[in-house]
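Below is the file coords37.txt, which contains compact mmCIF, C-alpha atoms.
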# COMPACT_ATOMS: atom_id res chain seq x y z
CA MET A 1 44.66 85.99 168.82
CA ASN A 2 42.33 83.14 169.74
CA ILE A 3 38.93 83.54 168.09
CA ALA A 4 37.96 79.88 167.97
CA LEU A 5 35.24 80.22 170.61
CA LEU A 6 33.58 83.25 168.98
CA SER A 7 30.33 83.01 167.01
CA LEU A 8 31.63 85.17 164.18
CA GLU A 9 28.75 84.21 161.90
CA GLN A 10 26.43 86.05 164.33
CA THR A 11 28.28 89.37 164.11
CA PRO A 12 25.91 92.28 163.40
CA PRO A 13 26.44 94.77 160.55
CA LEU A 14 29.48 96.99 161.07
CA SER A 15 27.31 100.09 161.35
CA VAL A 16 25.72 98.73 164.57
CA PRO A 17 28.72 99.27 166.89
CA LEU A 18 30.56 101.78 164.74
CA ARG A 19 27.90 104.48 164.99
CA PHE A 20 28.48 104.53 168.76
CA PHE A 21 32.28 104.28 168.55
CA LEU A 22 32.58 107.14 166.08
CA THR A 23 30.26 109.44 168.03
CA ALA A 24 32.05 109.00 171.37
CA PRO A 25 35.16 111.13 170.57
CA LEU A 26 32.89 114.01 169.56
CA PHE A 27 31.41 114.09 173.06
CA GLY A 28 34.91 113.92 174.48
CA LEU A 29 35.75 116.95 172.36
CA LEU A 30 32.67 118.82 173.68
CA ALA A 31 33.74 118.05 177.25
CA SER A 32 37.24 119.32 176.50
CA LEU A 33 35.90 122.57 175.06
CA LEU A 34 33.73 123.04 178.14
CA LEU A 35 36.83 122.56 180.29
CA LEU A 36 38.63 125.14 178.17
CA TYR A 37 35.70 127.57 178.47
CA ASP A 38 34.95 127.27 182.19
CA GLY A 39 37.87 125.36 183.65
CA PRO A 40 38.83 127.51 186.68
CA HIS A 41 35.29 127.26 188.13
CA LEU A 42 34.56 123.78 186.83
CA LEU A 43 37.51 122.09 188.56
CA MET A 44 36.97 123.70 191.96
CA ASN A 45 33.53 122.36 192.89
CA ARG A 46 31.82 119.06 192.03
CA TRP A 47 28.37 120.72 192.35
CA TYR A 48 29.05 123.51 189.84
CA PRO A 49 26.63 123.22 186.85
CA SER A 50 29.42 123.04 184.28
CA THR A 51 31.12 120.32 186.33
CA LEU A 52 27.94 118.25 186.23
CA ALA A 53 27.61 118.90 182.49
CA LEU A 54 31.21 117.88 181.76
CA THR A 55 30.92 114.76 183.92
CA HIS A 56 27.88 113.56 181.99
CA LEU A 57 29.37 114.46 178.61
CA ILE A 58 32.19 112.04 179.49
CA THR A 59 30.25 109.34 181.34
CA LEU A 60 27.24 109.28 179.00
CA GLY A 61 28.53 110.77 175.77
CA PHE A 62 31.87 108.96 175.66
CA ILE A 63 31.93 106.02 178.09
CA THR A 64 28.33 104.80 177.90
CA MET A 65 28.24 105.50 174.17
CA VAL A 66 31.13 103.06 173.68
CA MET A 67 29.62 100.58 176.17
CA PHE A 68 26.33 100.49 174.25
CA GLY A 69 28.13 99.76 170.98
CA ALA A 70 30.42 97.19 172.57
CA MET A 71 27.60 95.21 174.17
CA LEU A 72 25.47 95.22 171.01
CA GLN A 73 28.52 93.83 169.20
CA LEU A 74 29.75 91.38 171.82
CA LEU A 75 26.46 89.72 172.77
CA PRO A 76 25.97 88.02 169.38
CA VAL A 77 29.66 87.13 169.02
CA LEU A 78 30.47 85.97 172.55
CA ALA A 79 27.12 84.50 173.50
CA GLY A 80 25.63 83.57 170.15
CA SER A 81 22.54 85.63 171.02
CA PRO A 82 21.89 88.12 168.20
CA VAL A 83 20.15 91.44 168.77
CA PRO A 84 16.78 91.49 166.98
CA ARG A 85 16.59 93.99 164.11
CA PRO A 86 20.11 95.26 164.96
CA ILE A 87 20.23 98.24 162.60
CA PHE A 88 16.87 99.63 163.75
CA VAL A 89 17.66 98.99 167.43
CA SER A 90 21.14 100.50 167.29
CA SER A 91 19.98 103.53 165.28
CA THR A 92 17.16 104.25 167.72
CA LEU A 93 19.29 103.83 170.84
CA HIS A 94 22.08 105.92 169.33
CA ILE A 95 19.77 108.82 168.50
CA LEU A 96 18.11 108.74 171.94
CA LEU A 97 21.41 108.57 173.82
CA THR A 98 22.97 111.32 171.70
CA LEU A 99 20.07 113.74 172.01
CA GLY A 100 19.50 112.86 175.67
CA THR A 101 23.12 113.53 176.61
CA LEU A 102 23.17 116.84 174.75
CA SER A 103 19.90 117.86 176.43
CA LEU A 104 21.18 116.89 179.87
CA ALA A 105 24.43 118.83 179.51
CA SER A 106 22.53 121.83 178.15
CA GLY A 107 20.02 121.59 181.01
CA PHE A 108 22.80 121.66 183.61
CA ILE A 109 24.45 124.70 182.02
CA THR A 110 21.35 126.75 181.25
CA GLY A 111 19.13 125.66 184.13
CA TRP A 112 16.16 125.39 181.75
CA ALA A 113 13.60 122.96 183.18
CA TRP A 114 12.19 121.98 179.77
CA MET A 115 15.65 120.93 178.66
CA MET A 116 16.01 118.70 181.72
CA VAL A 117 12.56 117.18 181.10
CA SER A 118 13.59 116.39 177.53
CA ALA A 119 16.79 114.80 178.80
CA LEU A 120 14.93 112.62 181.31
CA ILE A 121 12.55 111.37 178.62
CA LEU A 122 15.22 110.73 175.99
CA LEU A 123 17.72 109.12 178.35
CA GLY A 124 14.99 107.10 180.06
CA LEU A 125 13.88 105.68 176.71
CA SER A 126 17.50 105.07 175.73
CA PHE A 127 18.57 103.30 178.90
CA PHE A 128 15.49 101.20 179.47
CA GLY A 129 15.28 100.34 175.78
CA PHE A 130 18.91 99.19 175.93
CA ILE A 131 18.30 97.30 179.18
CA GLY A 132 15.29 95.53 177.66
CA ILE A 133 17.16 94.49 174.50
CA VAL A 134 20.27 93.30 176.35
CA ALA A 135 18.19 91.46 178.97
CA TYR A 136 16.32 89.68 176.17
CA CYS A 137 19.63 88.61 174.60
CA LEU A 138 21.09 87.48 177.93
CA VAL A 139 18.03 85.36 178.69
CA ASN A 140 18.62 83.50 175.42
CA VAL A 141 22.28 82.79 176.20
CA LYS A 142 23.03 79.09 176.56
CA GLY A 143 25.60 78.12 179.16
CA ARG A 144 27.52 80.32 181.55
CA SER A 145 30.77 82.22 181.39
CA PRO A 146 32.34 84.86 183.65
CA THR A 147 31.87 87.48 180.93
CA MET A 148 28.14 86.77 180.51
CA THR A 149 27.60 86.58 184.27
CA GLY A 150 29.44 89.87 184.70
CA MET A 151 27.34 91.51 181.99
CA ARG A 152 24.18 90.48 183.82
CA PHE A 153 25.35 92.11 187.04
CA ALA A 154 26.56 95.22 185.17
CA LEU A 155 23.13 95.47 183.55
CA GLY A 156 21.51 95.21 186.98
CA ALA A 157 23.75 98.04 188.18
CA LEU A 158 22.70 100.10 185.16
CA VAL A 159 19.03 99.61 186.08
CA ILE A 160 19.68 100.95 189.59
CA ASN A 161 21.85 103.79 188.32
CA ALA A 162 19.33 104.84 185.66
CA MET A 163 16.52 104.93 188.22
CA LEU A 164 18.64 107.04 190.57
CA GLY A 165 19.53 109.36 187.69
CA ILE A 166 15.89 109.89 186.75
CA ILE A 167 14.97 110.56 190.38
CA LEU A 168 17.77 113.11 190.72
CA GLY A 169 16.76 114.74 187.44
CA MET A 170 13.45 115.62 189.07
CA LEU A 171 15.32 118.02 191.34
CA PHE A 172 15.91 120.25 188.33
CA VAL A 173 12.21 120.43 187.46
CA GLY A 174 11.11 121.56 190.93
CA VAL A 175 10.49 118.24 192.71
CA VAL A 176 11.69 118.24 196.33
CA LEU A 177 13.65 115.10 197.23
CA PRO A 178 14.94 113.89 200.59
CA LEU A 179 18.71 113.50 201.03
CA PRO A 180 19.67 114.81 197.56
CA MET A 181 23.42 114.67 198.28
CA VAL A 182 23.15 111.06 199.45
CA LEU A 183 21.18 110.12 196.32
CA THR A 184 23.83 111.85 194.21
CA ASN A 185 26.61 109.83 195.85
CA LEU A 186 24.61 106.63 195.30
CA HIS A 187 24.08 107.53 191.65
CA LEU A 188 27.78 108.28 191.21
CA THR A 189 28.90 105.06 192.89
CA TRP A 190 26.47 102.78 191.08
CA GLY A 191 27.40 104.45 187.79
CA LEU A 192 31.17 104.41 188.09
CA ILE A 193 31.73 101.20 190.04
CA GLY A 194 28.53 99.25 189.33
CA TRP A 195 27.82 99.92 185.67
CA ILE A 196 31.16 101.02 184.23
CA GLY A 197 33.55 99.17 186.55
CA LEU A 198 31.77 95.82 186.48
CA LEU A 199 31.33 95.95 182.71
CA ILE A 200 35.02 96.70 182.15
CA ILE A 201 35.97 93.75 184.36
CA SER A 202 33.54 91.46 182.54
CA ILE A 203 34.76 92.45 179.09
CA ALA A 204 38.40 92.26 180.23
CA TYR A 205 37.96 88.55 180.99
CA GLN A 206 37.46 88.08 177.24
CA VAL A 207 39.38 90.81 175.42
CA VAL A 208 42.63 90.87 177.46
CA PRO A 209 43.55 87.21 176.79
CA MET A 210 42.18 87.32 173.23
CA PHE A 211 43.71 90.56 171.97
CA GLN A 212 46.76 90.91 174.22
CA ILE A 213 47.79 87.23 174.00
CA THR A 214 47.97 86.76 177.78
CA PRO A 215 47.10 83.74 179.94
CA GLN A 216 43.47 83.48 180.99
CA TYR A 217 42.29 85.24 184.13
CA PRO A 218 42.63 82.80 187.06
CA SER A 219 39.63 80.66 187.95
CA TYR A 220 39.87 81.74 191.60
CA LEU A 221 38.98 85.31 190.50
CA THR A 222 36.52 85.23 187.62
CA PRO A 223 33.52 83.43 189.20
CA TRP A 224 33.22 85.62 192.30
CA LEU A 225 34.67 89.10 191.76
CA VAL A 226 31.84 90.78 189.84
CA PRO A 227 28.98 89.17 191.83
CA LEU A 228 30.70 89.99 195.12
CA VAL A 229 31.27 93.65 194.21
CA PHE A 230 27.64 93.94 193.10
CA PHE A 231 26.24 92.42 196.30
CA ILE A 232 28.50 94.58 198.50
CA LEU A 233 27.26 97.64 196.61
CA PHE A 234 23.68 96.45 197.10
CA LEU A 235 24.28 95.99 200.84
CA TRP A 236 26.14 99.29 201.12
CA THR A 237 23.32 101.36 199.60
CA PRO A 238 20.77 101.26 202.47
CA LEU A 239 23.53 101.27 205.08
CA ASP A 240 25.02 104.45 203.61
CA ILE A 241 21.61 106.11 203.85
CA LEU A 242 21.40 105.08 207.51
CA VAL A 243 24.88 106.51 208.08
CA HIS A 244 23.76 109.89 206.74
CA LEU A 245 20.68 109.69 208.98
CA ASN A 246 23.06 109.17 211.92
CA GLN A 247 21.66 105.72 212.57
CA LEU A 248 24.99 103.97 211.94
CA PRO A 249 28.65 104.97 212.31
CA ALA A 250 30.44 106.06 209.12
CA THR A 251 32.93 103.22 209.50
CA VAL A 252 30.25 100.74 208.39
CA SER A 253 29.91 102.40 204.98
CA GLN A 254 33.66 102.93 204.68
CA LEU A 255 34.41 99.30 205.48
CA LEU A 256 32.12 98.04 202.71
CA ILE A 257 33.59 100.45 200.16
CA GLY A 258 37.01 99.31 201.35
CA PHE A 259 36.11 95.71 200.45
CA ILE A 260 35.05 96.90 197.00
CA GLY A 261 38.34 98.75 196.64
CA LEU A 262 40.19 95.58 197.61
CA GLY A 263 38.36 93.60 194.93
CA LEU A 264 39.08 96.21 192.26
CA SER A 265 42.73 96.33 193.33
CA ILE A 266 43.01 92.56 192.93
CA PHE A 267 41.58 92.86 189.41
CA ALA A 268 44.07 95.59 188.51
CA LEU A 269 47.06 93.70 189.90
CA VAL A 270 46.04 90.43 188.23
CA THR A 271 45.62 92.24 184.89
CA LEU A 272 49.07 93.81 185.16
CA ASN A 273 50.53 90.40 186.05
CA LEU A 274 48.86 88.73 183.06
CA GLN A 275 50.23 91.42 180.75
CA ALA A 276 53.72 90.89 182.20
CA HIS A 277 53.44 87.20 181.20
CA ARG A 278 52.20 87.68 177.65
CA LEU A 279 52.57 84.63 175.42
CA ARG A 280 53.93 86.82 172.63
CA SER A 281 56.27 89.77 173.18
CA ILE A 282 55.32 91.76 170.08
CA PRO A 283 55.09 95.50 170.93
CA ASP A 284 51.47 96.59 171.31
CA VAL A 285 50.46 100.15 172.13
CA THR A 286 47.09 99.03 173.54
CA LEU A 287 48.99 97.42 176.40
CA ASN A 288 50.12 100.90 177.40
CA TYR A 289 46.52 102.11 177.61
CA TRP A 290 45.52 99.16 179.80
CA ARG A 291 48.57 99.52 182.04
CA VAL A 292 47.87 103.21 182.57
CA GLY A 293 44.25 102.31 183.30
CA MET A 294 45.15 99.70 185.90
CA ILE A 295 47.62 102.07 187.57
CA GLY A 296 44.97 104.81 187.50
CA LEU A 297 42.48 102.45 189.17
CA LEU A 298 45.00 101.62 191.90
CA PHE A 299 45.80 105.30 192.47
CA SER A 300 42.11 106.21 192.74
CA ILE A 301 41.65 103.50 195.39
CA ILE A 302 44.72 104.70 197.29
CA LEU A 303 43.49 108.31 197.15
CA TRP A 304 40.10 107.24 198.49
CA GLY A 305 41.82 105.40 201.34
CA VAL A 306 43.94 108.43 202.16
CA GLY A 307 40.77 110.52 202.35
CA VAL A 308 39.23 108.06 204.81
CA PHE A 309 42.14 108.36 207.24
CA TRP A 310 42.92 112.04 206.53
CA SER A 311 39.59 113.79 207.00
CA ASP A 312 41.04 117.26 206.45
CA LEU A 313 41.99 116.27 202.90
CA ALA A 314 38.58 114.73 202.23
CA MET A 315 36.92 118.02 203.22
CA LYS A 316 38.85 120.03 200.62
CA PRO A 317 36.62 121.08 197.66
CA PHE A 318 39.13 119.76 195.12
CA TYR A 319 39.33 116.27 196.68
CA PRO A 320 36.19 114.70 195.14
CA VAL A 321 37.01 116.33 191.80
CA LEU A 322 40.54 114.90 191.90
CA LEU A 323 39.21 111.48 192.85
CA GLY A 324 36.75 111.56 189.95
CA VAL A 325 39.40 112.74 187.47
CA ILE A 326 41.81 109.95 188.40
CA PHE A 327 39.08 107.28 188.24
CA ILE A 328 37.43 108.48 185.02
CA VAL A 329 40.30 110.03 183.07
CA GLY A 330 43.05 107.87 184.57
CA PHE A 331 41.26 104.49 184.62
CA VAL A 332 38.15 104.32 182.45
CA LEU A 333 39.26 106.42 179.47
CA PRO A 334 42.55 104.63 178.74
CA VAL A 335 40.94 101.20 179.04
CA ILE A 336 38.17 102.18 176.62
CA GLN A 337 40.66 103.69 174.18
CA GLY A 338 42.74 100.52 174.36
CA MET A 339 39.64 98.45 173.60
CA LEU A 340 38.65 100.67 170.68
CA TYR A 341 42.08 100.28 169.09
CA LYS A 342 41.58 96.51 169.12
CA ILE A 343 37.87 96.10 168.49
CA VAL A 344 37.55 98.53 165.56
CA PRO A 345 40.45 97.08 163.49
CA PHE A 346 39.23 93.55 164.24
CA LEU A 347 35.69 94.35 163.10
CA VAL A 348 36.92 96.08 159.94
CA TRP A 349 39.12 93.08 159.10
CA LEU A 350 36.33 90.60 159.91
CA HIS A 351 33.67 92.32 157.78
CA LEU A 352 36.02 92.70 154.84
CA GLN A 353 36.92 89.02 155.12
CA ASN A 354 33.24 88.10 155.14
CA GLN A 355 32.67 90.18 152.00
CA GLN A 356 35.73 88.65 150.36
CA LEU A 357 34.62 85.07 151.02
CA GLU A 358 31.55 85.59 148.88
CA ILE A 359 33.61 86.16 145.74
CA THR A 360 36.78 84.09 146.08
CA LYS A 361 35.47 81.25 143.95
CA VAL A 362 34.51 83.56 141.11
CA ILE A 363 37.21 86.19 140.68
CA SER A 364 40.67 87.03 141.97
CA MET A 365 40.77 88.20 145.58
CA VAL A 366 40.93 91.86 146.62
CA LYS A 367 43.77 92.43 149.08
CA ILE A 368 42.38 92.75 152.62
CA PRO A 369 44.37 94.93 155.07
CA ASN A 370 45.42 93.28 158.30
CA MET A 371 44.48 94.71 161.70
CA LYS A 372 47.75 96.61 162.04
CA GLN A 373 47.04 98.39 158.75
CA VAL A 374 43.50 99.46 159.68
CA ILE A 375 44.83 101.75 162.44
CA PRO A 376 48.65 101.71 162.33
CA ASP A 377 50.40 101.46 165.68
CA LYS A 378 52.31 104.68 165.06
CA PHE A 379 49.05 106.68 164.98
CA ALA A 380 47.71 105.01 168.10
CA ARG A 381 51.05 105.53 169.85
CA ARG A 382 51.09 109.23 169.02
CA GLN A 383 47.59 109.63 170.38
CA PHE A 384 48.62 107.71 173.50
CA TRP A 385 51.30 110.27 174.33
CA VAL A 386 48.91 113.14 173.71
CA TYR A 387 46.45 111.44 176.08
CA ILE A 388 49.20 111.01 178.72
CA MET A 389 49.94 114.73 178.55
CA ALA A 390 46.22 115.49 178.82
CA LEU A 391 45.90 113.20 181.85
CA GLY A 392 48.83 114.81 183.65
CA LEU A 393 47.62 118.32 182.87
CA THR A 394 44.03 117.57 183.91
CA ILE A 395 45.16 116.16 187.27
CA SER A 396 47.46 119.15 187.76
CA ALA A 397 44.69 121.55 186.77
CA VAL A 398 42.50 120.26 189.60
CA LEU A 399 45.22 121.45 192.00
CA TRP A 400 45.91 124.70 190.09
CA PRO A 401 42.80 125.43 188.00
CA ALA A 402 43.54 129.08 187.28
CA GLY A 403 46.90 128.30 185.74
CA LEU A 404 46.43 124.99 183.94
CA SER A 405 42.76 124.44 183.08
CA ASP A 406 43.04 126.13 179.66
CA VAL A 407 46.09 124.11 178.67
CA ALA A 408 44.48 120.92 179.97
CA GLY A 409 41.35 121.61 177.92
CA ILE A 410 43.37 122.21 174.74
CA VAL A 411 45.50 119.07 175.08
CA LEU A 412 42.49 116.93 176.07
CA ALA A 413 40.65 118.21 172.99
CA CYS A 414 43.67 117.28 170.84
CA SER A 415 43.64 113.79 172.34
CA PHE A 416 39.97 113.22 171.48
CA LEU A 417 40.47 114.74 168.03
CA PHE A 418 43.38 112.37 167.41
CA LEU A 419 41.34 109.40 168.65
CA GLY A 420 38.45 110.36 166.40
CA TYR A 421 40.78 110.78 163.43
CA ASN A 422 42.25 107.32 163.98
CA LEU A 423 38.83 105.68 164.23
CA TYR A 424 37.51 107.50 161.16
CA LYS A 425 40.70 106.53 159.34
CA GLY A 426 39.78 102.90 159.97
CA LEU A 427 36.30 103.55 158.58
CA TRP A 428 37.70 105.25 155.47
CA LEU A 429 39.97 102.28 154.82
CA TYR A 430 37.04 99.91 155.27
CA ARG A 431 34.87 101.81 152.82
CA SER A 432 37.68 102.00 150.27
CA VAL A 433 38.35 98.25 150.31
CA SER A 434 34.64 97.46 150.60
CA TRP A 435 33.97 99.46 147.45
CA GLN A 436 36.69 97.51 145.65
CA ILE A 437 35.08 94.24 146.69
CA ALA A 438 31.64 95.52 145.78
CA ALA A 439 32.91 96.61 142.37
CA ALA A 440 34.32 93.13 141.82
CA LYS A 441 30.97 91.66 142.82
CA GLY A 442 29.09 94.14 140.68
CA LYS A 443 26.96 95.56 143.50
CA LYS A 444 27.01 98.23 146.21
CA SER A 445 29.03 98.08 149.43
CA ASP A 446 27.20 96.63 152.43
CA PHE A 447 28.08 99.45 154.85
Structure encoded using structure tokens:
Amino acid sequence: MNIALLSLEQTPPLSVPLRFFLTAPLFGLLASLLLLYDGPHLLMNRWYPSTLALTHLITLGFITMVMFGAMLQLLPVLAGSPVPRPIFVSSTLHILLTLGTLSLASGFITGWAWMMVSALILLGLSFFGFIGIVAYCLVNVKGRSPTMTGMRFALGALVINAMLGIILGMLFVGVVLPLPMVLTNLHLTWGLIGWIGLLIISIAYQVVPMFQITPQYPSYLTPWLVPLVFFILFLWTPLDILVHLNQLPATVSQLLIGFIGLGLSIFALVTLNLQAHRLRSIPDVTLNYWRVGMIGLLFSIILWGVGVFWSDLAMKPFYPVLLGVIFIVGFVLPVIQGMLYKIVPFLVWLHLQNQQLEITKVISMVKIPNMKQVIPDKFARRQFWVYIMALGLTISAVLWPAGLSDVAGIVLACSFLFLGYNLYKGLWLYRSVSWQIAAAKGKKSDF
């Protein structure tokens, strides 16, 4: 693992990213329980209130929760641009995002306007507070790199997506909006492809070679992919509105999305190729998560293409749900889980090493666990197979909701429970060793 180019001395306190990482599986568990409770209806219609609630429990409560923590951690380390007052900032953003996501999901399910108003306020403060902090850090970054450039474009996509989300939220408090379905599709696309997709690509440029010991991403790809996808999305947005106003043929919008799909496919294929040419052939379960994620991304693009040329399929109520499940559960979730299984052990090891260095000249060293001991591969591998079963059952449940939604909900809940257990296990090990070091130093642990 090459960490020579990292500014490790700038790393924030462990509690800054970990509060987000440890909360995310709990939202995944809530989403699973909602699937278990209302699965047959939830998987049949993308506009069903419980479907909207579950989608946001996953996209906000799990995915964005992890993304917030990852960016607050990576900005100081990768760019040497520390977050000001990191504990206060992370605590505030974490509380706002947690309460806002819970309020939004509750508002969808209950239909209570005051709950939706609360969600808009809390999530608005959370997102624009995060955007302001990250923008401040990115402005202070010296030099350029594909990862930092990609983060800038992902942040721009988040601004657009957050504004669309707030506008759509007004529908639930009685405000009449033009073209609500078009705005919903824009919000979904900017969220999944713009914010989440571009950020995953940007972070992959750094974490795949570093943690998976692969060659670097090729220079013909990294400078242009993220900016090009962003600008195509930006161009597509007004054109898609004109398509729905019957001012342009649908092929214009489909062609632009097709170019985006081509770019994402290239990223997935290049990532799989890099992993096939690893510089070290040591077994690594996180590779399995990334490989499943890249295959899931390719399948979601293929399914979208099939829907373009087979209009009867695209008109089926289950089609958009299936497309969303494959993209979110089959692409985004495994990639994030693979990142968590690398980032959390690395951070635990790093912070324990930093504590240890303060005392090595005075007393005998406390034994620091290596990354493989923080979260053993066997635990991550077991959770991987539970996740694979959950993925297969969830996809199957979209096609047969009455028969499989309950089983899918149970297995998906087990997967998130297992993930949460593994992450908390890493925290427990950290606290145990940290207390030993603190006892040797004669003061309290720094966590």
*Kindly indicate which residue among A:Phe230, A:Phe20, A:Trp349, A:Phe172 lies nearest to A:Ser91, using all atoms listed in the file for the distances.*
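Of the candidates, the smallest distance to A:Ser91 is held by A:Phe20.
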*asked:* Under the rule that only C-alpha atoms are counted, which of A:Arg19, A:Lys378, A:Arg144, A:His351 is the nearest residue to A:Ile87?
replied: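 Closest to A:Ile87 of all the choices is A:Arg19.
Atom CA of A:Phe346 is positioned 5.9 Å from atom CA of A:Met371.
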*Pick from A:Leu104, A:Leu323, A:Ile213, A:Cys414, whichever lies nearest to A:Arg280 using all atoms listed in the file*: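 Closest candidate: A:Ile213.
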Stretch 257-267 of chain A, all listed atoms, 3 Å padding on each side: what axis-aligned box centre and edge lengths in Å to one decimal come out, as JSON?
{"center_x": 38.3, "center_y": 96.5, "center_z": 195.4, "size_x": 15.4, "size_y": 13.9, "size_z": 17.9}
*When distances are computed from all atoms listed in the file, which of A:Val243, A:Ile63, A:Val308, A:Ile410 shows the smallest separation from A:Leu97?*
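Closest residue, counting all atoms listed in the file: A:Ile63.
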*Check the smallest atom-to-atom distance from each of A:Gly197, A:Pro215, A:Gly307, A:Gly261 to A:Phe331 using only C-alpha atoms, then report the winner.*
A:Gly197
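Of the residues listed (A:Thr394, A:Gln383, A:Thr286, A:Ser434), A:Ser434 shows the shortest atom-to-atom separation from A:Gln356; distances use all atoms listed in the file.
Within 8 Å of A:Pro12, once all atoms listed in the file are used and residues closer than 6 positions along the same chain are dropped, the contacting residues are Gln73, Pro76, Pro82, Val83 and Pro86 of chain A.
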Write to file, as an mmCIF file, in the coordinates of the input, the residues of the selection just made, with C-alpha atoms.
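What landed in again_4.cif:
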data_model
loop_
_atom_site.group_PDB
_atom_site.id
_atom_site.type_symbol
_atom_site.label_atom_id
_atom_site.label_comp_id
_atom_site.auth_asym_id
_atom_site.auth_seq_id
_atom_site.Cartn_x
_atom_site.Cartn_y
_atom_site.Cartn_z
ATOM 1 C CA GLN A 73 28.520 93.830 169.200
ATOM 2 C CA PRO A 76 25.970 88.020 169.380
ATOM 3 C CA PRO A 82 21.890 88.120 168.200
ATOM 4 C CA VAL A 83 20.150 91.440 168.770
ATOM 5 C CA PRO A 86 20.110 95.260 164.960
#
*Could you jot down the atom CA of A:Phe418 to atom CA of A:Pro376 separation for me, Å, one decimal place?*
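Interatomic distance, atom CA of A:Phe418 to atom CA of A:Pro376: 12.9 Å.
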*Neighbours of A:Gly305 within 12 Å (all atoms listed in the file; same-chain residues fewer than 2 positions away dropped), as number ranges by chain?*
A: 254-255, 257-262, 298-303, 307-311, 313-314, 323
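Remark: residues at most 7 Å from position (26.6, 114.1, 173.8) in file coordinates are Phe27, Leu57, Gly61, Thr98, Leu99, Thr101 and Leu102 of chain A, using all atoms listed in the file.
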*asked:* Which residues are close to A:Ile131, i.e. within 8 Å by all atoms listed in the file, leaving aside same-chain residues fewer than 6 positions away? Reply as a VMD selection string.
replied: chain A and resid 155 158 to 159
Write a file of the selected residues as a PDB file, in the frame of the given file, keeping C-alpha atoms.
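To be explicit, this is the file written out as out_15.pdb:
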ATOM      1  CA  LEU A 155      23.130  95.470 183.550  1.00  0.00           C
ATOM      2  CA  LEU A 158      22.700 100.100 185.160  1.00  0.00           C
ATOM      3  CA  VAL A 159      19.030  99.610 186.080  1.00  0.00           C
TER       4      VAL A 159
END
_Can you tell me which residues surround A:Gly100 at a distance of at most 7 Å, considering all atoms listed in the file, apart from same-chain residues fewer than 3 positions away, and format the answer as a ChimeraX atom specification?_
/A:96-97,103-104,119,122-123
*State, in Å with one decimal place, the distance from atom CA of A:Ile336 to atom CA of A:Ile232.*
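We find that atom CA of A:Ile336 and atom CA of A:Ile232 lie 25.1 Å from each other.
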*asked:* Using all atoms listed in the file, which protein or nucleic acid residues come within 8 Å of A:Leu297? Drop anything in the same chain fewer than 3 positions from it, and give the result as a ChimeraX atom specification.
replied: /A:264-265,268,293-294,300-301,326-327,330-331
Please reconstruct the missing atoms of stretch 34-45 of chain A (target: N, CA and C atoms) and return them as a compact mmCIF listing (two decimals), in the frame of the given file.
# COMPACT_ATOMS: atom_id res chain seq x y z
N LEU A 34 34.37 122.49 176.94
CA LEU A 34 33.73 123.04 178.14
C LEU A 34 34.77 123.28 179.22
N LEU A 35 35.73 122.36 179.34
CA LEU A 35 36.83 122.56 180.29
C LEU A 35 37.65 123.79 179.92
N LEU A 36 37.89 123.97 178.64
CA LEU A 36 38.63 125.14 178.17
C LEU A 36 37.86 126.43 178.45
N TYR A 37 36.54 126.38 178.31
CA TYR A 37 35.70 127.57 178.47
C TYR A 37 35.51 127.96 179.94
N ASP A 38 35.33 126.96 180.80
CA ASP A 38 34.95 127.27 182.19
C ASP A 38 35.80 126.51 183.21
N GLY A 39 37.03 126.21 182.84
CA GLY A 39 37.87 125.36 183.65
C GLY A 39 38.12 125.83 185.07
N PRO A 40 38.51 127.09 185.31
CA PRO A 40 38.83 127.51 186.68
C PRO A 40 37.69 127.28 187.67
N HIS A 41 36.43 127.50 187.24
CA HIS A 41 35.29 127.26 188.13
C HIS A 41 34.94 125.78 188.15
N LEU A 42 35.01 125.16 187.01
CA LEU A 42 34.56 123.78 186.83
C LEU A 42 35.35 122.81 187.70
N LEU A 43 36.65 123.03 187.85
CA LEU A 43 37.51 122.09 188.56
C LEU A 43 37.58 122.35 190.06
N MET A 44 36.88 123.34 190.54
CA MET A 44 36.97 123.70 191.96
C MET A 44 35.81 123.17 192.78
N ASN A 45 34.72 122.74 192.13
CA ASN A 45 33.53 122.36 192.89
C ASN A 45 32.75 121.30 192.11
